[in-house]
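J.: I am sharing coords.tsv, which consists of TSV, N, CA and C atoms:
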chain	number	residue	atom	x	y	z
A	1	MET	N	-9.49	10.86	-3.50
A	1	MET	CA	-9.57	9.47	-3.08
A	1	MET	C	-9.97	8.61	-4.29
A	2	LYS	N	-9.37	7.46	-4.36
A	2	LYS	CA	-9.72	6.54	-5.43
A	2	LYS	C	-11.17	6.09	-5.24
A	3	GLU	N	-11.93	6.16	-6.31
A	3	GLU	CA	-13.31	5.69	-6.24
A	3	GLU	C	-13.35	4.20	-5.96
A	4	ASN	N	-12.32	3.49	-6.37
A	4	ASN	CA	-12.28	2.05	-6.24
A	4	ASN	C	-11.40	1.57	-5.09
A	5	ILE	N	-11.20	2.37	-4.06
A	5	ILE	CA	-10.32	1.99	-2.95
A	5	ILE	C	-10.77	0.67	-2.31
A	6	LYS	N	-12.05	0.40	-2.33
A	6	LYS	CA	-12.56	-0.85	-1.75
A	6	LYS	C	-11.99	-2.08	-2.48
A	7	LEU	N	-11.62	-1.91	-3.74
A	7	LEU	CA	-11.03	-3.03	-4.49
A	7	LEU	C	-9.68	-3.44	-3.90
A	8	PHE	N	-9.06	-2.54	-3.16
A	8	PHE	CA	-7.75	-2.82	-2.57
A	8	PHE	C	-7.87	-3.39	-1.15
A	9	MET	N	-9.05	-3.36	-0.57
A	9	MET	CA	-9.21	-3.75	0.83
A	9	MET	C	-9.64	-5.20	0.99
A	10	ALA	N	-9.06	-5.82	2.02
A	10	ALA	CA	-9.44	-7.18	2.40
A	10	ALA	C	-9.56	-7.22	3.92
A	11	ASP	N	-10.43	-8.06	4.40
A	11	ASP	CA	-10.61	-8.24	5.84
A	11	ASP	C	-9.53	-9.17	6.38
A	12	LYS	N	-9.12	-8.94	7.61
A	12	LYS	CA	-8.06	-9.77	8.19
A	12	LYS	C	-8.43	-11.25	8.26
A	13	SER	N	-9.73	-11.55	8.25
A	13	SER	CA	-10.16	-12.95	8.31
A	13	SER	C	-10.24	-13.59	6.92
A	14	ASP	N	-10.11	-12.79	5.86
A	14	ASP	CA	-10.09	-13.37	4.51
A	14	ASP	C	-8.90	-14.32	4.39
A	15	ASN	N	-9.11	-15.38	3.63
A	15	ASN	CA	-8.00	-16.32	3.47
A	15	ASN	C	-7.14	-15.95	2.26
A	16	LEU	N	-6.05	-16.66	2.12
A	16	LEU	CA	-5.08	-16.39	1.06
A	16	LEU	C	-5.74	-16.38	-0.32
A	17	LYS	N	-6.58	-17.36	-0.58
A	17	LYS	CA	-7.23	-17.45	-1.89
A	17	LYS	C	-8.14	-16.24	-2.14
A	18	GLU	N	-8.91	-15.85	-1.15
A	18	GLU	CA	-9.81	-14.70	-1.30
A	18	GLU	C	-9.04	-13.42	-1.59
A	19	VAL	N	-7.91	-13.24	-0.92
A	19	VAL	CA	-7.10	-12.04	-1.14
A	19	VAL	C	-6.43	-12.09	-2.50
A	20	MET	N	-6.00	-13.28	-2.93
A	20	MET	CA	-5.44	-13.42	-4.27
A	20	MET	C	-6.47	-12.99	-5.32
A	21	GLN	N	-7.72	-13.35	-5.11
A	21	GLN	CA	-8.78	-12.97	-6.04
A	21	GLN	C	-8.97	-11.45	-6.05
A	22	LYS	N	-8.91	-10.82	-4.87
A	22	LYS	CA	-9.05	-9.37	-4.79
A	22	LYS	C	-7.89	-8.67	-5.49
A	23	ILE	N	-6.69	-9.18	-5.30
A	23	ILE	CA	-5.52	-8.61	-5.97
A	23	ILE	C	-5.65	-8.77	-7.48
A	24	ASP	N	-6.18	-9.90	-7.91
A	24	ASP	CA	-6.39	-10.11	-9.34
A	24	ASP	C	-7.38	-9.09	-9.91
A	25	VAL	N	-8.42	-8.79	-9.16
A	25	VAL	CA	-9.43	-7.83	-9.61
A	25	VAL	C	-8.86	-6.41	-9.66
A	26	ASN	N	-8.11	-6.00	-8.61
A	26	ASN	CA	-7.61	-4.61	-8.62
A	26	ASN	C	-6.43	-4.44	-9.58
A	27	GLY	N	-5.74	-5.53	-9.89
A	27	GLY	CA	-4.70	-5.50	-10.91
A	27	GLY	C	-3.42	-4.77	-10.55
A	28	HIS	N	-3.20	-4.51	-9.26
A	28	HIS	CA	-2.01	-3.76	-8.86
A	28	HIS	C	-1.09	-4.53	-7.90
A	29	GLY	N	-1.35	-5.80	-7.68
A	29	GLY	CA	-0.43	-6.62	-6.92
A	29	GLY	C	-0.39	-6.36	-5.43
A	30	VAL	N	-1.44	-5.73	-4.88
A	30	VAL	CA	-1.43	-5.39	-3.47
A	30	VAL	C	-2.85	-5.39	-2.91
A	31	SER	N	-2.93	-5.71	-1.62
A	31	SER	CA	-4.19	-5.60	-0.90
A	31	SER	C	-3.92	-5.01	0.47
A	32	LEU	N	-4.80	-4.11	0.89
A	32	LEU	CA	-4.70	-3.49	2.21
A	32	LEU	C	-5.59	-4.28	3.16
A	33	ILE	N	-5.01	-4.76	4.25
A	33	ILE	CA	-5.75	-5.56	5.20
A	33	ILE	C	-6.31	-4.62	6.27
A	34	VAL	N	-7.63	-4.63	6.42
A	34	VAL	CA	-8.31	-3.69	7.31
A	34	VAL	C	-9.24	-4.42	8.27
A	35	ASP	N	-9.62	-3.70	9.34
A	35	ASP	CA	-10.63	-4.25	10.25
A	35	ASP	C	-12.01	-3.78	9.79
A	36	LYS	N	-13.02	-4.04	10.59
A	36	LYS	CA	-14.40	-3.70	10.21
A	36	LYS	C	-14.62	-2.20	10.05
A	37	GLU	N	-13.76	-1.38	10.66
A	37	GLU	CA	-13.88	0.08	10.57
A	37	GLU	C	-12.95	0.67	9.51
A	38	ASN	N	-12.37	-0.20	8.69
A	38	ASN	CA	-11.41	0.19	7.65
A	38	ASN	C	-10.10	0.75	8.20
A	39	LYS	N	-9.77	0.39	9.43
A	39	LYS	CA	-8.46	0.75	9.99
A	39	LYS	C	-7.43	-0.20	9.41
A	40	LEU	N	-6.32	0.38	8.97
A	40	LEU	CA	-5.27	-0.42	8.34
A	40	LEU	C	-4.56	-1.30	9.37
A	41	LEU	N	-4.51	-2.58	9.06
A	41	LEU	CA	-3.80	-3.54	9.91
A	41	LEU	C	-2.49	-3.99	9.27
A	42	GLY	N	-2.46	-3.93	7.94
A	42	GLY	CA	-1.26	-4.37	7.25
A	42	GLY	C	-1.48	-4.35	5.75
A	43	LEU	N	-0.50	-4.87	5.06
A	43	LEU	CA	-0.50	-4.88	3.59
A	43	LEU	C	0.04	-6.23	3.15
A	44	VAL	N	-0.46	-6.72	2.05
A	44	VAL	CA	0.08	-7.95	1.48
A	44	VAL	C	0.19	-7.76	-0.03
A	45	THR	N	1.30	-8.24	-0.58
A	45	THR	CA	1.53	-8.14	-2.02
A	45	THR	C	1.44	-9.52	-2.65
A	46	ASP	N	1.35	-9.53	-3.97
A	46	ASP	CA	1.35	-10.82	-4.65
A	46	ASP	C	2.65	-11.58	-4.39
A	47	GLY	N	3.74	-10.85	-4.18
A	47	GLY	CA	5.01	-11.49	-3.83
A	47	GLY	C	4.97	-12.15	-2.47
A	48	ASP	N	4.33	-11.51	-1.49
A	48	ASP	CA	4.17	-12.11	-0.16
A	48	ASP	C	3.39	-13.42	-0.27
A	49	ILE	N	2.34	-13.39	-1.07
A	49	ILE	CA	1.51	-14.58	-1.24
A	49	ILE	C	2.29	-15.67	-1.96
A	50	ARG	N	3.02	-15.31	-2.98
A	50	ARG	CA	3.83	-16.30	-3.72
A	50	ARG	C	4.83	-16.98	-2.77
A	51	ARG	N	5.53	-16.18	-1.95
A	51	ARG	CA	6.50	-16.76	-1.02
A	51	ARG	C	5.82	-17.65	0.01
A	52	ALA	N	4.63	-17.27	0.47
A	52	ALA	CA	3.90	-18.10	1.44
A	52	ALA	C	3.54	-19.45	0.83
A	53	ILE	N	3.07	-19.43	-0.41
A	53	ILE	CA	2.70	-20.67	-1.09
A	53	ILE	C	3.93	-21.55	-1.30
A	54	ILE	N	5.03	-20.95	-1.71
A	54	ILE	CA	6.28	-21.70	-1.90
A	54	ILE	C	6.70	-22.36	-0.58
A	55	ASN	N	6.44	-21.68	0.54
A	55	ASN	CA	6.80	-22.21	1.85
A	55	ASN	C	5.74	-23.15	2.43
A	56	GLY	N	4.74	-23.51	1.63
A	56	GLY	CA	3.78	-24.53	2.05
A	56	GLY	C	2.55	-24.02	2.77
A	57	ILE	N	2.32	-22.72	2.78
A	57	ILE	CA	1.14	-22.18	3.44
A	57	ILE	C	-0.10	-22.53	2.61
A	58	SER	N	-1.16	-22.95	3.27
A	58	SER	CA	-2.40	-23.35	2.60
A	58	SER	C	-3.16	-22.13	2.09
A	59	LEU	N	-3.90	-22.31	1.01
A	59	LEU	CA	-4.73	-21.23	0.46
A	59	LEU	C	-5.86	-20.84	1.41
A	60	SER	N	-6.14	-21.68	2.39
A	60	SER	CA	-7.20	-21.37	3.35
A	60	SER	C	-6.67	-20.63	4.59
A	61	THR	N	-5.38	-20.34	4.62
A	61	THR	CA	-4.77	-19.63	5.76
A	61	THR	C	-5.29	-18.19	5.82
A	62	PRO	N	-5.67	-17.71	7.01
A	62	PRO	CA	-6.09	-16.31	7.13
A	62	PRO	C	-4.95	-15.37	6.73
A	63	ILE	N	-5.29	-14.34	6.00
A	63	ILE	CA	-4.29	-13.41	5.46
A	63	ILE	C	-3.52	-12.72	6.57
A	64	GLU	N	-4.13	-12.54	7.74
A	64	GLU	CA	-3.43	-11.87	8.83
A	64	GLU	C	-2.17	-12.62	9.25
A	65	ASN	N	-2.08	-13.90	8.89
A	65	ASN	CA	-0.90	-14.69	9.23
A	65	ASN	C	0.30	-14.38	8.35
A	66	ILE	N	0.09	-13.76	7.19
A	66	ILE	CA	1.23	-13.45	6.34
A	66	ILE	C	1.36	-11.97	5.99
A	67	MET	N	0.40	-11.15	6.40
A	67	MET	CA	0.45	-9.73	6.04
A	67	MET	C	1.64	-9.03	6.69
A	68	ASN	N	2.06	-7.95	6.08
A	68	ASN	CA	3.12	-7.09	6.63
A	68	ASN	C	2.44	-6.05	7.50
A	69	ALA	N	2.49	-6.25	8.82
A	69	ALA	CA	1.82	-5.35	9.76
A	69	ALA	C	2.60	-4.06	9.99
A	70	SER	N	3.82	-4.00	9.51
A	70	SER	CA	4.63	-2.79	9.73
A	70	SER	C	4.88	-2.05	8.42
A	71	CYS	N	3.85	-2.00	7.58
A	71	CYS	CA	4.00	-1.33	6.28
A	71	CYS	C	4.09	0.19	6.46
A	72	THR	N	4.74	0.82	5.52
A	72	THR	CA	4.89	2.27	5.52
A	72	THR	C	3.58	2.90	5.07
A	73	THR	N	3.16	3.95	5.79
A	73	THR	CA	1.95	4.68	5.44
A	73	THR	C	2.24	6.17	5.43
A	74	ILE	N	1.28	6.94	4.95
A	74	ILE	CA	1.39	8.39	4.99
A	74	ILE	C	0.01	8.94	5.35
A	75	LEU	N	0.00	10.04	6.12
A	75	LEU	CA	-1.27	10.66	6.51
A	75	LEU	C	-1.90	11.36	5.31
A	76	ASP	N	-3.22	11.45	5.32
A	76	ASP	CA	-3.94	11.98	4.17
A	76	ASP	C	-3.74	13.48	3.92
A	77	ASN	N	-3.10	14.17	4.83
A	77	ASN	CA	-2.77	15.59	4.59
A	77	ASN	C	-1.29	15.74	4.21
A	78	PHE	N	-0.75	14.73	3.53
A	78	PHE	CA	0.66	14.67	3.19
A	78	PHE	C	1.07	15.79	2.24
A	79	THR	N	2.37	16.03	2.23
A	79	THR	CA	2.96	16.95	1.25
A	79	THR	C	3.88	16.14	0.34
A	80	PRO	N	4.17	16.63	-0.85
A	80	PRO	CA	5.12	15.93	-1.73
A	80	PRO	C	6.48	15.72	-1.06
A	81	LEU	N	6.90	16.66	-0.24
A	81	LEU	CA	8.19	16.52	0.44
A	81	LEU	C	8.18	15.33	1.40
A	82	GLU	N	7.06	15.08	2.04
A	82	GLU	CA	6.96	13.91	2.94
A	82	GLU	C	7.09	12.61	2.15
A	83	ILE	N	6.52	12.59	0.96
A	83	ILE	CA	6.67	11.40	0.11
A	83	ILE	C	8.14	11.22	-0.27
A	84	LEU	N	8.80	12.30	-0.63
A	84	LEU	CA	10.21	12.23	-0.98
A	84	LEU	C	11.04	11.70	0.19
A	85	GLU	N	10.72	12.13	1.41
A	85	GLU	CA	11.43	11.63	2.59
A	85	GLU	C	11.25	10.13	2.75
A	86	ILE	N	10.04	9.64	2.50
A	86	ILE	CA	9.79	8.20	2.58
A	86	ILE	C	10.61	7.46	1.52
A	87	ILE	N	10.62	7.98	0.31
A	87	ILE	CA	11.39	7.36	-0.76
A	87	ILE	C	12.88	7.32	-0.40
A	88	ASN	N	13.38	8.40	0.18
A	88	ASN	CA	14.80	8.44	0.56
A	88	ASN	C	15.13	7.43	1.64
A	89	LYS	N	14.19	7.15	2.53
A	89	LYS	CA	14.41	6.17	3.59
A	89	LYS	C	14.26	4.74	3.08
A	90	LYS	N	13.23	4.51	2.30
A	90	LYS	CA	12.88	3.15	1.88
A	90	LYS	C	13.49	2.75	0.54
A	91	LYS	N	13.84	3.73	-0.28
A	91	LYS	CA	14.44	3.52	-1.60
A	91	LYS	C	13.50	2.92	-2.64
A	92	PHE	N	12.64	1.99	-2.26
A	92	PHE	CA	11.80	1.32	-3.23
A	92	PHE	C	10.38	1.21	-2.68
A	93	ILE	N	9.48	2.02	-3.19
A	93	ILE	CA	8.08	2.01	-2.74
A	93	ILE	C	7.19	1.83	-3.96
A	94	ASN	N	6.41	0.76	-3.97
A	94	ASN	CA	5.44	0.54	-5.05
A	94	ASN	C	4.03	0.93	-4.65
A	95	HIS	N	3.75	0.84	-3.35
A	95	HIS	CA	2.41	1.09	-2.84
A	95	HIS	C	2.54	1.86	-1.53
A	96	LEU	N	1.78	2.92	-1.41
A	96	LEU	CA	1.83	3.73	-0.20
A	96	LEU	C	0.41	3.97	0.30
A	97	PRO	N	-0.02	3.22	1.32
A	97	PRO	CA	-1.36	3.44	1.87
A	97	PRO	C	-1.47	4.83	2.50
A	98	VAL	N	-2.59	5.47	2.25
A	98	VAL	CA	-2.87	6.78	2.82
A	98	VAL	C	-3.94	6.59	3.89
A	99	VAL	N	-3.67	7.08	5.09
A	99	VAL	CA	-4.60	6.90	6.21
A	99	VAL	C	-4.90	8.25	6.86
A	100	ASN	N	-6.01	8.30	7.60
A	100	ASN	CA	-6.32	9.51	8.36
A	100	ASN	C	-5.76	9.39	9.77
A	101	GLN	N	-6.06	10.35	10.61
A	101	GLN	CA	-5.53	10.37	11.99
A	101	GLN	C	-5.96	9.14	12.79
A	102	GLU	N	-7.06	8.52	12.39
A	102	GLU	CA	-7.56	7.33	13.09
A	102	GLU	C	-7.03	6.04	12.47
A	103	ASN	N	-6.10	6.15	11.54
A	103	ASN	CA	-5.51	5.02	10.82
A	103	ASN	C	-6.49	4.32	9.90
A	104	LYS	N	-7.55	5.03	9.49
A	104	LYS	CA	-8.49	4.47	8.53
A	104	LYS	C	-7.99	4.77	7.12
A	105	VAL	N	-8.07	3.78	6.26
A	105	VAL	CA	-7.60	3.93	4.89
A	105	VAL	C	-8.47	4.93	4.14
A	106	THR	N	-7.82	5.91	3.52
A	106	THR	CA	-8.55	6.87	2.69
A	106	THR	C	-8.14	6.76	1.22
A	107	ASN	N	-6.97	6.17	0.96
A	107	ASN	CA	-6.48	6.09	-0.41
A	107	ASN	C	-5.27	5.16	-0.44
A	108	ILE	N	-4.79	4.91	-1.62
A	108	ILE	CA	-3.51	4.23	-1.81
A	108	ILE	C	-2.83	4.89	-2.99
A	109	LEU	N	-1.58	5.23	-2.81
A	109	LEU	CA	-0.78	5.78	-3.91
A	109	LEU	C	0.03	4.66	-4.52
A	110	LEU	N	-0.07	4.53	-5.82
A	110	LEU	CA	0.68	3.51	-6.54
A	110	LEU	C	1.94	4.14	-7.12
A	111	ARG	N	2.87	3.32	-7.56
A	111	ARG	CA	4.20	3.78	-7.98
A	111	ARG	C	4.14	4.97	-8.94
A	112	GLU	N	3.33	4.90	-9.97
A	112	GLU	CA	3.27	6.00	-10.94
A	112	GLU	C	2.71	7.27	-10.32
A	113	GLU	N	1.75	7.13	-9.42
A	113	GLU	CA	1.19	8.31	-8.74
A	113	GLU	C	2.23	8.94	-7.82
A	114	ILE	N	2.99	8.10	-7.14
A	114	ILE	CA	4.04	8.59	-6.25
A	114	ILE	C	5.06	9.39	-7.06
A	115	ARG	N	5.50	8.82	-8.16
A	115	ARG	CA	6.49	9.50	-9.02
A	115	ARG	C	5.94	10.82	-9.54
A	116	LYS	N	4.70	10.82	-9.96
A	116	LYS	CA	4.08	12.02	-10.51
A	116	LYS	C	4.02	13.13	-9.46
A	117	ILE	N	3.59	12.78	-8.26
A	117	ILE	CA	3.49	13.77	-7.18
A	117	ILE	C	4.87	14.37	-6.88
A	118	VAL	N	5.86	13.52	-6.78
A	118	VAL	CA	7.21	13.99	-6.44
A	118	VAL	C	7.79	14.83	-7.57
A	119	PHE	N	7.78	14.31	-8.80
A	119	PHE	CA	8.44	15.02	-9.90
A	119	PHE	C	7.73	16.28	-10.34
A	120	GLN	N	6.42	16.36	-10.12
A	120	GLN	CA	5.70	17.56	-10.52
A	120	GLN	C	5.69	18.64	-9.45
A	121	ASN	N	6.04	18.29	-8.23
A	121	ASN	CA	5.89	19.25	-7.13
A	121	ASN	C	7.17	19.61	-6.39
A	122	ILE	N	8.25	18.92	-6.69
A	122	ILE	CA	9.49	19.18	-5.96
A	122	ILE	C	10.54	19.64	-6.97
A	123	PRO	N	11.21	20.75	-6.67
A	123	PRO	CA	12.26	21.24	-7.60
A	123	PRO	C	13.35	20.18	-7.82
A	124	SER	N	13.84	20.11	-9.04
A	124	SER	CA	14.85	19.10	-9.37
A	124	SER	C	16.11	19.25	-8.52
A	125	SER	N	16.38	20.47	-8.05
A	125	SER	CA	17.56	20.67	-7.20
A	125	SER	C	17.46	19.87	-5.90
A	126	LEU	N	16.25	19.57	-5.46
A	126	LEU	CA	16.07	18.76	-4.26
A	126	LEU	C	16.04	17.26	-4.59
A	127	LEU	N	15.76	16.93	-5.84
A	127	LEU	CA	15.62	15.53	-6.22
A	127	LEU	C	16.95	14.87	-6.56
A	128	PHE	N	17.83	15.60	-7.16
A	128	PHE	CA	19.06	15.01	-7.66
A	128	PHE	C	20.28	15.63	-7.00
A	129	GLU	N	21.14	14.77	-6.48
A	129	GLU	CA	22.38	15.26	-5.88
A	129	GLU	C	23.32	15.76	-6.95
A	130	LYS	N	24.10	16.76	-6.62
A	130	LYS	CA	25.05	17.31	-7.59
A	130	LYS	C	26.45	16.82	-7.30
Using structure tokens, write down the structure from this file.
T.:
Amino acid sequence: MKENIKLFMADKSDNLKEVMQKIDVNGHGVSLIVDKENKLLGLVTDGDIRRAIINGISLSTPIENIMNASCTTILDNFTPLEILEIINKKKFINHLPVVNQENKVTNILLREEIRKIVFQNIPSSLLFEK
């Protein structure tokens, strides 16, 4: 688990500006929106925030109004093959929240970590079509 996972978390009542500040601190362009028990409610990226601002959303708007509530997640007992299946379905994954059976955030996998897990653990014959 990332020691700094809390840097990625924001409360659903946090406003756009507060979440922008959290994203700036974690430096990875993403924030996980959680409830008081750290259950994942959604995800928001710097791109989501940029589009909201372009569309006239106020910086004081609660983040739950623009978060992606249907973000892709993976259970904390995942296998590299499960990550590969997600990549094959979604094609482009930069951030993959890791949750437990209760949907509580335990980690987040970033693009480089995802690639490392897949390429180091899955035979190339499964990765590349012939």
J.: From the options A:Asn103, A:Asn94, A:Asn88, A:Gln21, which residue's atoms come nearest to Ile49 in chain A, counting only C-alpha atoms?
T.: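 For Ile49 in chain A, the nearest of the given residues is A:Gln21.
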J.: Between A:Thr72, A:Gln120, A:Thr45, A:Asn15, which one has atoms that come closest to Gly29 in chain A, using all atoms listed in the file?
T.: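 Closest residue, counting all atoms listed in the file: A:Thr45.
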J.: Rank A:Leu110, A:Ile63, A:Ile57, A:Val25 by their smallest atom-to-atom distance to Ser13 in chain A, using only C-alpha atoms, and report the top residue only.
T.: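 Using only C-alpha atoms, the shortest distance to Ser13 in chain A belongs to A:Ile63.
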J.: Got a sec: who's within 10 Å of Met9 in chain A, counting only C-alpha atoms, leaving out chain neighbours fewer than 2 positions off, as a PyMOL selection string?
T.: chain A and resi 4-7+11-12+19+22-23+26+30-35+38+40+43+105
J.: Could you please determine the separation between CA of Arg115 in chain A and CA of Ile87 in chain A in Å, to one decimal place?
T.: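 CA of Ile87 in chain A lies at a distance of 9.8 Å from CA of Arg115 in chain A.
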J.: Please return the centre and edge lengths, in Å to one decimal, of a box with edges along x, y and z that contains all listed atoms of range 99-116 of chain A, widened by 3 Å on every side, as lines of an AutoDock Vina configuration file.
T.:
center_x = -1.0
center_y = 8.2
center_z = 1.1
size_x = 21.0
size_y = 15.8
size_z = 30.0
J.: What's the 9 Å shell around Ile86 in chain A, counting only C-alpha atoms, without same-chain residues fewer than 5 positions away, as a count of residues only?
T.: 5
J.: Could you work out how far CA of Asp48 in chain A lies from CA of Met67 in chain A, giving the answer in Å with one decimal?
T.: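 Result for CA of Met67 in chain A versus CA of Asp48 in chain A: 7.6 Å, one decimal.
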J.: Which one is closest to Leu59 in chain A: A:Leu84, A:Leu16, A:Leu96, A:Leu109? Count all atoms listed in the file.
T.: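 Selected residue with least distance to Leu59 in chain A: A:Leu16.
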J.: Where atoms are missing, can you supply N, CA, C and O atoms for range 11-27 of chain A and output the lot as an mmCIF file, in the frame of the given file?
T.:
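What landed in part.cif:
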data_model
loop_
_atom_site.group_PDB
_atom_site.id
_atom_site.type_symbol
_atom_site.label_atom_id
_atom_site.label_comp_id
_atom_site.auth_asym_id
_atom_site.auth_seq_id
_atom_site.Cartn_x
_atom_site.Cartn_y
_atom_site.Cartn_z
ATOM 1 N N ASP A 11 -10.430 -8.060 4.400
ATOM 2 C CA ASP A 11 -10.610 -8.240 5.840
ATOM 3 C C ASP A 11 -9.530 -9.170 6.380
ATOM 4 O O ASP A 11 -9.093 -10.088 5.669
ATOM 5 N N LYS A 12 -9.120 -8.940 7.610
ATOM 6 C CA LYS A 12 -8.060 -9.770 8.190
ATOM 7 C C LYS A 12 -8.430 -11.250 8.260
ATOM 8 O O LYS A 12 -7.560 -12.111 8.289
ATOM 9 N N SER A 13 -9.730 -11.550 8.250
ATOM 10 C CA SER A 13 -10.160 -12.950 8.310
ATOM 11 C C SER A 13 -10.240 -13.590 6.920
ATOM 12 O O SER A 13 -10.421 -14.802 6.809
ATOM 13 N N ASP A 14 -10.110 -12.790 5.860
ATOM 14 C CA ASP A 14 -10.090 -13.370 4.510
ATOM 15 C C ASP A 14 -8.900 -14.320 4.390
ATOM 16 O O ASP A 14 -7.844 -14.089 4.980
ATOM 17 N N ASN A 15 -9.110 -15.380 3.630
ATOM 18 C CA ASN A 15 -8.000 -16.320 3.470
ATOM 19 C C ASN A 15 -7.140 -15.950 2.260
ATOM 20 O O ASN A 15 -7.473 -15.036 1.499
ATOM 21 N N LEU A 16 -6.050 -16.660 2.120
ATOM 22 C CA LEU A 16 -5.080 -16.390 1.060
ATOM 23 C C LEU A 16 -5.740 -16.380 -0.320
ATOM 24 O O LEU A 16 -5.504 -15.470 -1.120
ATOM 25 N N LYS A 17 -6.580 -17.360 -0.580
ATOM 26 C CA LYS A 17 -7.230 -17.450 -1.890
ATOM 27 C C LYS A 17 -8.140 -16.240 -2.140
ATOM 28 O O LYS A 17 -8.130 -15.678 -3.234
ATOM 29 N N GLU A 18 -8.910 -15.850 -1.150
ATOM 30 C CA GLU A 18 -9.810 -14.700 -1.300
ATOM 31 C C GLU A 18 -9.040 -13.420 -1.590
ATOM 32 O O GLU A 18 -9.431 -12.613 -2.444
ATOM 33 N N VAL A 19 -7.910 -13.240 -0.920
ATOM 34 C CA VAL A 19 -7.100 -12.040 -1.140
ATOM 35 C C VAL A 19 -6.430 -12.090 -2.500
ATOM 36 O O VAL A 19 -6.326 -11.083 -3.189
ATOM 37 N N MET A 20 -6.000 -13.280 -2.930
ATOM 38 C CA MET A 20 -5.440 -13.420 -4.270
ATOM 39 C C MET A 20 -6.470 -12.990 -5.320
ATOM 40 O O MET A 20 -6.129 -12.316 -6.291
ATOM 41 N N GLN A 21 -7.720 -13.350 -5.110
ATOM 42 C CA GLN A 21 -8.780 -12.970 -6.040
ATOM 43 C C GLN A 21 -8.970 -11.450 -6.050
ATOM 44 O O GLN A 21 -9.157 -10.843 -7.099
ATOM 45 N N LYS A 22 -8.910 -10.820 -4.870
ATOM 46 C CA LYS A 22 -9.050 -9.370 -4.790
ATOM 47 C C LYS A 22 -7.890 -8.670 -5.490
ATOM 48 O O LYS A 22 -8.079 -7.669 -6.181
ATOM 49 N N ILE A 23 -6.690 -9.180 -5.300
ATOM 50 C CA ILE A 23 -5.520 -8.610 -5.970
ATOM 51 C C ILE A 23 -5.650 -8.770 -7.480
ATOM 52 O O ILE A 23 -5.313 -7.857 -8.248
ATOM 53 N N ASP A 24 -6.180 -9.900 -7.910
ATOM 54 C CA ASP A 24 -6.390 -10.110 -9.340
ATOM 55 C C ASP A 24 -7.380 -9.090 -9.910
ATOM 56 O O ASP A 24 -7.170 -8.555 -10.986
ATOM 57 N N VAL A 25 -8.420 -8.790 -9.160
ATOM 58 C CA VAL A 25 -9.430 -7.830 -9.610
ATOM 59 C C VAL A 25 -8.860 -6.410 -9.660
ATOM 60 O O VAL A 25 -9.076 -5.682 -10.628
ATOM 61 N N ASN A 26 -8.110 -6.000 -8.610
ATOM 62 C CA ASN A 26 -7.610 -4.610 -8.620
ATOM 63 C C ASN A 26 -6.430 -4.440 -9.580
ATOM 64 O O ASN A 26 -6.146 -3.343 -10.034
ATOM 65 N N GLY A 27 -5.740 -5.530 -9.890
ATOM 66 C CA GLY A 27 -4.700 -5.500 -10.910
ATOM 67 C C GLY A 27 -3.420 -4.770 -10.550
ATOM 68 O O GLY A 27 -2.622 -4.459 -11.423
#
